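In what follows, a single structure is set out as structure tokens and then discussed.
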Amino acid sequence: MRKFSVHDINTGKQARNLLEMNLSEAVRPWFKDLNSERVNRAIAALANPSKRSKAARYLGIEVVPCA
């Protein structure tokens, strides 16, 4: 299982060494004030490697694989 670090470009929030399957749940609290279906879909898409990059751009976060 791959690990990632996540950085919110707008707020500076960070989460490090997250398992791939935990990406969505780790960032969900960062967007709790935004009641938007598009935001919820983008958060869920972080779990899908083929959709992750586009979802991260939409959310304004950087998702970086850990070494």
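Just so we're on the same page: first chain in the structure tokens is A, next is B, and so on; residues restart at 1 for each chain, and ligands are numbered from 1 in the order they show up.
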Which of region 8-53 of chain A DSSP labels strand (DSSP E), written as a ChimeraX atom specification: /A:8,14-19
Could you save the residues just selected, with all heavy atoms, as a short mmCIF file (atom, residue, chain, number, x, y, z; two decimals), in the first residue's frame?
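So out-v4.cif came out as:
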data_model
loop_
_atom_site.label_atom_id
_atom_site.label_comp_id
_atom_site.auth_asym_id
_atom_site.auth_seq_id
_atom_site.Cartn_x
_atom_site.Cartn_y
_atom_site.Cartn_z
N ASP A 8 -2.71 21.41 1.96
CA ASP A 8 -3.74 22.31 1.47
C ASP A 8 -3.07 23.63 1.09
O ASP A 8 -2.52 24.32 1.95
CB ASP A 8 -4.81 22.54 2.54
CG ASP A 8 -5.99 23.34 2.02
OD1 ASP A 8 -5.78 24.31 1.26
OD2 ASP A 8 -7.13 23.00 2.38
N GLN A 14 -1.71 20.21 6.74
CA GLN A 14 -0.91 19.10 6.23
C GLN A 14 -1.32 17.79 6.89
O GLN A 14 -1.74 17.79 8.04
CB GLN A 14 0.57 19.32 6.50
CG GLN A 14 1.18 20.49 5.81
CD GLN A 14 2.65 20.59 6.12
OE1 GLN A 14 3.37 19.59 6.08
NE2 GLN A 14 3.11 21.78 6.41
N ALA A 15 -1.15 16.74 6.16
CA ALA A 15 -1.29 15.38 6.70
C ALA A 15 -0.20 14.56 6.03
O ALA A 15 -0.03 14.62 4.81
CB ALA A 15 -2.67 14.81 6.38
N ARG A 16 0.54 13.83 6.83
CA ARG A 16 1.70 13.10 6.30
C ARG A 16 1.57 11.60 6.53
O ARG A 16 0.93 11.16 7.47
CB ARG A 16 2.97 13.60 6.96
CG ARG A 16 3.22 15.05 6.64
CD ARG A 16 4.48 15.53 7.28
NE ARG A 16 4.66 16.94 6.97
CZ ARG A 16 5.79 17.56 7.07
NH1 ARG A 16 6.86 16.94 7.47
NH2 ARG A 16 5.86 18.84 6.77
N ASN A 17 2.21 10.87 5.64
CA ASN A 17 2.29 9.41 5.73
C ASN A 17 0.93 8.74 5.80
O ASN A 17 0.69 7.86 6.62
CB ASN A 17 3.16 9.00 6.92
CG ASN A 17 4.57 9.48 6.78
OD1 ASN A 17 5.18 9.36 5.72
ND2 ASN A 17 5.10 10.05 7.84
N LEU A 18 0.04 9.17 4.92
CA LEU A 18 -1.30 8.58 4.86
C LEU A 18 -1.30 7.40 3.90
O LEU A 18 -0.72 7.48 2.81
CB LEU A 18 -2.30 9.62 4.33
CG LEU A 18 -2.47 10.88 5.15
CD1 LEU A 18 -3.29 11.89 4.37
CD2 LEU A 18 -3.14 10.56 6.47
N LEU A 19 -1.97 6.36 4.29
CA LEU A 19 -2.16 5.25 3.36
C LEU A 19 -3.12 5.72 2.27
O LEU A 19 -4.03 6.53 2.51
CB LEU A 19 -2.74 4.04 4.07
CG LEU A 19 -1.82 3.35 5.06
CD1 LEU A 19 -2.56 2.23 5.77
CD2 LEU A 19 -0.58 2.81 4.38
#
Contact residues around Ala44 (chain A) with only C-alpha atoms at 9 Å, ignoring same-chain residues under 2 positions, as a PDB file with N, CA and C atoms, in the first residue's frame:
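result13.pdb was written with the following content:
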ATOM      1  N   LEU A  23      -6.772   8.658   2.216  1.00  0.00           N
ATOM      2  CA  LEU A  23      -6.660  10.033   1.738  1.00  0.00           C
ATOM      3  C   LEU A  23      -7.969  10.815   1.882  1.00  0.00           C
ATOM      4  N   SER A  24      -9.051  10.232   1.434  1.00  0.00           N
ATOM      5  CA  SER A  24     -10.338  10.936   1.453  1.00  0.00           C
ATOM      6  C   SER A  24     -10.756  11.293   2.867  1.00  0.00           C
ATOM      7  N   GLU A  25     -10.666  10.338   3.761  1.00  0.00           N
ATOM      8  CA  GLU A  25     -11.103  10.584   5.132  1.00  0.00           C
ATOM      9  C   GLU A  25     -10.185  11.554   5.867  1.00  0.00           C
ATOM     10  N   ARG A  28     -11.287  15.128   4.509  1.00  0.00           N
ATOM     11  CA  ARG A  28     -12.718  15.470   4.614  1.00  0.00           C
ATOM     12  C   ARG A  28     -12.978  16.561   5.661  1.00  0.00           C
ATOM     13  N   VAL A  39     -17.622  19.087  -4.192  1.00  0.00           N
ATOM     14  CA  VAL A  39     -16.521  18.929  -3.244  1.00  0.00           C
ATOM     15  C   VAL A  39     -16.519  17.505  -2.693  1.00  0.00           C
ATOM     16  N   ASN A  40     -17.692  17.004  -2.326  1.00  0.00           N
ATOM     17  CA  ASN A  40     -17.786  15.631  -1.808  1.00  0.00           C
ATOM     18  C   ASN A  40     -17.335  14.598  -2.833  1.00  0.00           C
ATOM     19  N   ARG A  41     -17.685  14.801  -4.090  1.00  0.00           N
ATOM     20  CA  ARG A  41     -17.248  13.880  -5.142  1.00  0.00           C
ATOM     21  C   ARG A  41     -15.736  13.955  -5.334  1.00  0.00           C
ATOM     22  N   ALA A  42     -15.180  15.155  -5.276  1.00  0.00           N
ATOM     23  CA  ALA A  42     -13.726  15.310  -5.431  1.00  0.00           C
ATOM     24  C   ALA A  42     -12.991  14.643  -4.271  1.00  0.00           C
ATOM     25  N   LEU A  46     -10.279  11.134  -4.508  1.00  0.00           N
ATOM     26  CA  LEU A  46      -8.882  11.011  -4.079  1.00  0.00           C
ATOM     27  C   LEU A  46      -8.479   9.557  -3.880  1.00  0.00           C
ATOM     28  N   ALA A  47      -9.424   8.693  -3.610  1.00  0.00           N
ATOM     29  CA  ALA A  47      -9.137   7.275  -3.410  1.00  0.00           C
ATOM     30  C   ALA A  47      -8.865   6.544  -4.719  1.00  0.00           C
ATOM     31  N   ASN A  48      -9.194   7.171  -5.840  1.00  0.00           N
ATOM     32  CA  ASN A  48      -9.031   6.543  -7.147  1.00  0.00           C
ATOM     33  C   ASN A  48      -7.784   7.127  -7.825  1.00  0.00           C
ATOM     34  N   ALA A  55      -8.910  15.666  -8.963  1.00  0.00           N
ATOM     35  CA  ALA A  55      -9.623  15.965  -7.715  1.00  0.00           C
ATOM     36  C   ALA A  55      -8.790  16.872  -6.818  1.00  0.00           C
TER      37      ALA A  55
END
Which of chain A fall in alpha helix (DSSP H), as number ranges by chain: A: 23-27, 37-45, 52-59
Straight-line distance linking CA of Glu62 (chain A) with CA of Asp33 (chain A), stated in Å to one decimal: 19.8 Å
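For the residues A:Lys51, A:Met1, A:Thr11, A:Pro65, ranking by smallest atom-to-atom distance to Phe31 (chain A) using only C-alpha atoms places A:Thr11 first.
Take CA of Glu37 (chain A) and CA of Met21 (chain A): the distance between them is 20.6 Å.
Between CA of Cys66 (chain A) and CA of Arg2 (chain A) the separation is 7.8 Å.
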From A:Glu20, A:Ile9, A:Pro29, A:Leu34, residue lying nearest Ala56 (chain A) [only C-alpha atoms]: A:Ile9
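Of the residues listed (A:Phe4, A:Asn35, A:Asn10, A:Ala26), A:Asn10 shows the shortest atom-to-atom separation from Leu59 (chain A); distances use only C-alpha atoms.
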